[in-house]
Amino acid sequence: MADKKTSETAAKKPAAKKTATKKAPAKAAKAKADTTTEEPKVEEAKVEETAAEEVKVEEPKAEDAPKEEAKPEAATETVSDLADLKDIAGDTPDADAAQIAANPATPLREQELDQYGRAYATGRRKDAVARVWLKPGKGEVTINGRTQDVYFARPTLRLIINQPFAITDRAGQYDIVATVRGGGLSGQAGAVKHGISQALAKYEPELRATVKAAGFLTRDSRVVERKKYGRAKARRSFQFSKR
């Protein structure tokens with residue numbers, strides 16, 4: 001009985017080896033098929049990576065090109081020496097310079113005169129209003145039919161009137177005829193001064209910048225503050241009485 005069992009087990013063992021040998025080639029074939037399918041995938045991935053790297057490398061080159069071209073332009077804009085200014089100025093045609101020299105600067109405003117060749121203007125200061133006519137002459141000033149020495153007896157008032165002529169070097173070159181209404185002598189003198197400045201700028205527009213820089217063309221808006229009820233004046237209070 002023991003011999004029969006050993007013979008049966010010996011017969012079964014080769015059969016098991018044969019089945020194992022049959023399964024092994026099938027697994028190897030599957031592994032080969034998997035490797036063949038994975039190889040093209042790996043190659044495609046490599047091709048895509050190389051294409052992406054080429055695009056990345058080409059893009060900065062396209063950006064660097066305009067930067068290199070912009071450098072010389074920045075160098076031309078900045079001028080460090082006077083010699084560079086001469087080179088730049090040399091590009092302008094000589095005809096333009098000759099034309100500019102032939103045509104002097106013209107005033108922005110035109111001369112305003114009436115039918116008698118006079119310049120008229122209105123001046124204001126405080127409550128006074130002055131109408132002023134200006135024409136070339138010997139420097140005579142007539143106010144309300146009287147000379148300035150008679151109408152404005154104080155030297156300070158006459159000084160105020162002649163300020164426009166003093167700053168423009170036109171003293172004694174124009175005659176003034178003015179009529180003034182309202183206010184006191186100080187306000188009337190300021191109104192006449194304002195009117196003379198306006199008229200002088202109309203007769204000689206070239207002098208407008210000088211007169212305006214001195215502030216003579218601007219109407220002085222300072223006026224007396226009005227009286228308030230309950231007070232003696234604008235700010236003055238009545239005398240305090242304790243009892």
# chains A, B, ... in the order shown; residues from 1 in each chain; ligands from 1
>>> residues_around(residues="stretch 110-123 of chain A", least_positions_apart="3", cutoff="9 Å", atoms="only C-alpha atoms", output="list of chain:residue names")
A:Pro107, A:Ala128, A:Val129, A:Ala130, A:Arg131, A:Val132, A:Trp133, A:Leu134, A:Lys135, A:Pro136, A:Gly190, A:Ala191, A:Val192, A:Lys193, A:His194, A:Gly195, A:Ile196, A:Ser197, A:Gln198, A:Ala199, A:Leu200, A:Ala201, A:Lys202, A:Tyr203, A:Glu204, A:Pro205, A:Arg219
>>> atom_distance(atom1="atom CA of A:Arg231", atom2="atom CA of A:Leu185")
27.1 Å
>>> closest_residue(among="A:Leu207, A:Ala234, A:Ile176, A:Leu157", to="A:Arg109", atoms="only C-alpha atoms")
A:Leu207
>>> atom_distance(atom1="atom CA of A:Lys138", atom2="atom CA of A:Pro164")
15.6 Å
